[in-house]
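Visitor: Mind looking over this structure? Questions follow.
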Amino acid sequence: MFSDRPCFCQSLQFYSQCCQPYHLGKKTDTAEQLMRSRYSAYVLQDIAYIVNTTVPAQQDLLNQAAMLQWSKDTEWDGLDIIRHISKLDKIHAQVEFKAYYLTEHGRDFHHELSAFVRIGQQWYFLDPTVQQILSMKQPCLCGSAKKFKYCCAPFLA
């Protein structure tokens with residue numbers, strides 16, 4: 001249905017060649033690809049994809065009903081990737097972006113610097129809005145075997 005249209009993430013590729021393979025199960029190679037595919041999933045109201053690409057330790061804490069409602073209530077209008085910092089360390093990356101949407105007053109945007117962690121061969125979004133009670137001395141939520149304070153904590157502050 002959307003395969004032959006330009007991708008929602010504005011990569012200048014067709015959806016079938018850009019985000020659709022990730023939505024169908026292909027693993028992303030970069031945090032930027034994950035960011036783009038998550039944006040497209042919001043446009044398509046594919047909340048299962050959004051949940052599955054969030055750090056597994058955070059997935060059960062996500063308010064999927066609220067995410068779906070936000071996705072439905074938003075008239076998405078484009079994505080700009082401002083920068084992709086692919087190697088903050090061995091397993092972390094950041095993507096700065098603007099996600100545009102339309103309101104009754106015109107076009108507006110959400111500007112964010114998102115953090116991602118690579119677990120095994122898969123990139124995941126670190127959701128800073130999820131309230132987890134973790135001690136800085138506990139093992140990290142990403143399973144890296146490092147203490148939380150030395151691993152993902154700096155990206156969730």
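Here, A, B, ... name the chains of the structure tokens in the order displayed, residue numbers run from 1 inside each chain, and ligands are numbered from 1 in the same displayed order.
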Leaving out Lys27 of chain A and any residue of its chain fewer than 3 positions from it, which residues lie within 9 Å of it when counting only C-alpha atoms, given as a short mmCIF file (atom, residue, chain, number, x, y, z; two decimals) with C-alpha atoms, in the first residue's frame?

Guide:
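Ended up saving to part.cif:
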data_model
loop_
_atom_site.label_atom_id
_atom_site.label_comp_id
_atom_site.auth_asym_id
_atom_site.auth_seq_id
_atom_site.Cartn_x
_atom_site.Cartn_y
_atom_site.Cartn_z
CA PRO A 21 12.17 -3.56 5.68
CA TYR A 22 12.83 -2.53 9.29
CA LEU A 34 16.38 3.32 13.76
CA GLN A 121 23.44 -6.74 16.86
CA GLN A 122 20.38 -4.52 17.41
CA TRP A 123 20.01 -0.79 18.07
#

Visitor: Report the closest atom pair, with its distance in Å rounded to one decimal, for each residue of segment 19-88 of chain A that has an atom no farther than 12 Å from segment 96-115 of chain A; count only C-alpha atoms, sort by chain and then rising residue number, and write it as JSON lines.

Guide:
{"residue": "A:Thr30", "atom": "CA", "partner": "A:Ala115", "partner_atom": "CA", "distance": 12.0}
{"residue": "A:Ala31", "atom": "CA", "partner": "A:Ala115", "partner_atom": "CA", "distance": 8.4}
{"residue": "A:Glu32", "atom": "CA", "partner": "A:Glu96", "partner_atom": "CA", "distance": 9.1}
{"residue": "A:Leu34", "atom": "CA", "partner": "A:Ser114", "partner_atom": "CA", "distance": 10.9}
{"residue": "A:Met35", "atom": "CA", "partner": "A:Ser114", "partner_atom": "CA", "distance": 8.4}
{"residue": "A:Arg36", "atom": "CA", "partner": "A:Phe97", "partner_atom": "CA", "distance": 9.5}
{"residue": "A:Arg38", "atom": "CA", "partner": "A:Ala99", "partner_atom": "CA", "distance": 11.1}
{"residue": "A:Tyr39", "atom": "CA", "partner": "A:Ala99", "partner_atom": "CA", "distance": 7.8}
{"residue": "A:Ser40", "atom": "CA", "partner": "A:Ala99", "partner_atom": "CA", "distance": 10.5}
{"residue": "A:Tyr42", "atom": "CA", "partner": "A:Ala99", "partner_atom": "CA", "distance": 10.6}
{"residue": "A:Val43", "atom": "CA", "partner": "A:Tyr101", "partner_atom": "CA", "distance": 10.3}
{"residue": "A:Thr54", "atom": "CA", "partner": "A:Ala115", "partner_atom": "CA", "distance": 10.6}
{"residue": "A:Val55", "atom": "CA", "partner": "A:Ala115", "partner_atom": "CA", "distance": 10.7}
{"residue": "A:Trp70", "atom": "CA", "partner": "A:Tyr101", "partner_atom": "CA", "distance": 11.6}
{"residue": "A:Ser71", "atom": "CA", "partner": "A:Tyr101", "partner_atom": "CA", "distance": 10.8}
{"residue": "A:Lys72", "atom": "CA", "partner": "A:Tyr101", "partner_atom": "CA", "distance": 11.9}
{"residue": "A:Asp73", "atom": "CA", "partner": "A:Thr103", "partner_atom": "CA", "distance": 10.2}
{"residue": "A:Thr74", "atom": "CA", "partner": "A:Tyr101", "partner_atom": "CA", "distance": 6.6}
{"residue": "A:Glu75", "atom": "CA", "partner": "A:Tyr101", "partner_atom": "CA", "distance": 5.4}
{"residue": "A:Trp76", "atom": "CA", "partner": "A:Tyr101", "partner_atom": "CA", "distance": 4.3}
{"residue": "A:Asp77", "atom": "CA", "partner": "A:Tyr101", "partner_atom": "CA", "distance": 4.6}
{"residue": "A:Gly78", "atom": "CA", "partner": "A:Tyr100", "partner_atom": "CA", "distance": 5.0}
{"residue": "A:Leu79", "atom": "CA", "partner": "A:Ala99", "partner_atom": "CA", "distance": 4.6}
{"residue": "A:Asp80", "atom": "CA", "partner": "A:Lys98", "partner_atom": "CA", "distance": 5.2}
{"residue": "A:Ile81", "atom": "CA", "partner": "A:Phe97", "partner_atom": "CA", "distance": 4.4}
{"residue": "A:Ile82", "atom": "CA", "partner": "A:Phe97", "partner_atom": "CA", "distance": 5.1}
{"residue": "A:Arg83", "atom": "CA", "partner": "A:Glu96", "partner_atom": "CA", "distance": 5.3}
{"residue": "A:His84", "atom": "CA", "partner": "A:Glu96", "partner_atom": "CA", "distance": 6.4}
{"residue": "A:Ile85", "atom": "CA", "partner": "A:Glu96", "partner_atom": "CA", "distance": 8.4}
{"residue": "A:Ser86", "atom": "CA", "partner": "A:Ala115", "partner_atom": "CA", "distance": 10.2}
{"residue": "A:Lys87", "atom": "CA", "partner": "A:Ala115", "partner_atom": "CA", "distance": 11.2}
{"residue": "A:Leu88", "atom": "CA", "partner": "A:Ala115", "partner_atom": "CA", "distance": 9.8}

Visitor: Print the selection's residues with N, CA, C and O atoms to a file, as a tab-separated table (two decimals), in the first residue's frame.

Guide:
chain	number	residue	atom	x	y	z
A	30	THR	N	22.32	1.34	11.87
A	30	THR	CA	22.74	2.56	12.55
A	30	THR	C	21.59	3.10	13.41
A	30	THR	O	20.42	2.79	13.17
A	31	ALA	N	21.97	3.94	14.36
A	31	ALA	CA	20.96	4.61	15.18
A	31	ALA	C	20.12	5.55	14.32
A	31	ALA	O	18.92	5.71	14.57
A	32	GLU	N	20.71	6.16	13.31
A	32	GLU	CA	19.93	7.04	12.43
A	32	GLU	C	18.85	6.25	11.69
A	32	GLU	O	17.70	6.72	11.58
A	34	LEU	N	17.40	3.62	12.76
A	34	LEU	CA	16.38	3.32	13.76
A	34	LEU	C	15.51	4.55	14.02
A	34	LEU	O	14.29	4.45	14.09
A	35	MET	N	16.13	5.71	14.13
A	35	MET	CA	15.37	6.94	14.36
A	35	MET	C	14.39	7.18	13.22
A	35	MET	O	13.21	7.47	13.44
A	36	ARG	N	14.86	7.05	11.98
A	36	ARG	CA	14.00	7.26	10.82
A	36	ARG	C	12.84	6.26	10.81
A	36	ARG	O	11.69	6.62	10.57
A	38	ARG	N	11.55	4.66	13.33
A	38	ARG	CA	10.62	4.94	14.43
A	38	ARG	C	9.70	6.11	14.06
A	38	ARG	O	8.51	6.07	14.35
A	39	TYR	N	10.23	7.13	13.42
A	39	TYR	CA	9.39	8.24	12.96
A	39	TYR	C	8.31	7.71	12.01
A	39	TYR	O	7.13	8.01	12.16
A	40	SER	N	8.73	6.92	11.03
A	40	SER	CA	7.78	6.35	10.07
A	40	SER	C	6.75	5.48	10.78
A	40	SER	O	5.57	5.47	10.40
A	42	TYR	N	5.61	5.93	13.80
A	42	TYR	CA	4.62	6.84	14.41
A	42	TYR	C	3.63	7.33	13.36
A	42	TYR	O	2.43	7.40	13.61
A	43	VAL	N	4.13	7.67	12.17
A	43	VAL	CA	3.23	8.12	11.11
A	43	VAL	C	2.21	7.03	10.79
A	43	VAL	O	1.03	7.31	10.60
A	54	THR	N	12.47	-0.08	21.56
A	54	THR	CA	12.87	0.58	22.81
A	54	THR	C	13.63	-0.45	23.63
A	54	THR	O	13.36	-1.65	23.53
A	55	VAL	N	14.59	-0.02	24.43
A	55	VAL	CA	15.38	-0.93	25.25
A	55	VAL	C	14.44	-1.94	25.93
A	55	VAL	O	13.44	-1.52	26.54
A	70	TRP	N	-1.39	9.63	20.76
A	70	TRP	CA	-0.54	10.72	20.28
A	70	TRP	C	-0.25	10.56	18.79
A	70	TRP	O	-0.32	11.52	18.02
A	71	SER	N	0.03	9.32	18.39
A	71	SER	CA	0.31	9.04	16.99
A	71	SER	C	-0.91	9.37	16.11
A	71	SER	O	-0.78	9.96	15.04
A	72	LYS	N	-2.10	9.00	16.58
A	72	LYS	CA	-3.33	9.26	15.82
A	72	LYS	C	-3.68	10.75	15.79
A	72	LYS	O	-4.17	11.26	14.78
A	73	ASP	N	-3.44	11.45	16.89
A	73	ASP	CA	-3.81	12.86	17.00
A	73	ASP	C	-2.84	13.81	16.31
A	73	ASP	O	-3.14	15.00	16.17
A	74	THR	N	-1.70	13.30	15.90
A	74	THR	CA	-0.67	14.15	15.31
A	74	THR	C	-0.71	14.05	13.80
A	74	THR	O	-0.73	12.95	13.24
A	75	GLU	N	-0.72	15.20	13.15
A	75	GLU	CA	-0.63	15.23	11.69
A	75	GLU	C	0.84	15.46	11.33
A	75	GLU	O	1.33	16.58	11.28
A	76	TRP	N	1.54	14.35	11.15
A	76	TRP	CA	2.99	14.38	10.92
A	76	TRP	C	3.30	15.05	9.60
A	76	TRP	O	2.60	14.86	8.62
A	77	ASP	N	4.41	15.82	9.57
A	77	ASP	CA	4.71	16.61	8.38
A	77	ASP	C	6.20	16.63	8.03
A	77	ASP	O	6.68	17.56	7.43
A	78	GLY	N	6.93	15.61	8.44
A	78	GLY	CA	8.32	15.53	7.99
A	78	GLY	C	9.32	15.37	9.11
A	78	GLY	O	9.02	15.58	10.28
A	79	LEU	N	10.50	14.96	8.72
A	79	LEU	CA	11.60	14.70	9.64
A	79	LEU	C	12.88	15.28	9.07
A	79	LEU	O	13.18	15.09	7.89
A	80	ASP	N	13.62	15.98	9.90
A	80	ASP	CA	14.97	16.44	9.57
A	80	ASP	C	15.94	15.82	10.55
A	80	ASP	O	15.77	15.99	11.77
A	81	ILE	N	16.93	15.11	10.05
A	81	ILE	CA	18.01	14.63	10.89
A	81	ILE	C	19.06	15.74	10.90
A	81	ILE	O	19.60	16.11	9.85
A	82	ILE	N	19.31	16.28	12.06
A	82	ILE	CA	20.27	17.38	12.18
A	82	ILE	C	21.70	16.83	12.27
A	82	ILE	O	22.59	17.31	11.59
A	83	ARG	N	21.88	15.81	13.11
A	83	ARG	CA	23.19	15.17	13.18
A	83	ARG	C	23.04	13.78	13.80
A	83	ARG	O	22.12	13.52	14.57
A	84	HIS	N	23.98	12.93	13.42
A	84	HIS	CA	24.02	11.56	13.92
A	84	HIS	C	25.43	11.35	14.46
A	84	HIS	O	26.40	11.41	13.72
A	85	ILE	N	25.52	11.16	15.77
A	85	ILE	CA	26.81	10.87	16.40
A	85	ILE	C	26.84	9.36	16.59
A	85	ILE	O	26.23	8.82	17.51
A	86	SER	N	27.52	8.69	15.67
A	86	SER	CA	27.42	7.23	15.60
A	86	SER	C	28.25	6.49	16.63
A	86	SER	O	27.97	5.33	16.92
A	87	LYS	N	29.27	7.13	17.17
A	87	LYS	CA	30.13	6.41	18.11
A	87	LYS	C	30.47	7.28	19.32
A	87	LYS	O	31.54	7.85	19.41
A	88	LEU	N	29.55	7.34	20.27
A	88	LEU	CA	29.84	8.02	21.52
A	88	LEU	C	30.79	7.16	22.35
A	88	LEU	O	31.63	7.66	23.08

Visitor: Determine which residues of chain A receive a DSSP assignment of strand (DSSP E), computed from the backbone, and state them as a ChimeraX atom specification.

Guide: /A:75-85,92-103,106-119,122-126

Visitor: Within 10 Å of Ser3 of chain A, counting only C-alpha atoms, which residues qualify if same-chain residues fewer than 5 places away don't, as a PyMOL selection string?

Guide: chain A and resi 14-20

Visitor: Could you jot down the atom CA of Gln131 of chain A to atom CA of Ile47 of chain A separation for me, Å, one decimal place?

Guide: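 Separating atom CA of Gln131 of chain A from atom CA of Ile47 of chain A is a distance of 19.1 Å.
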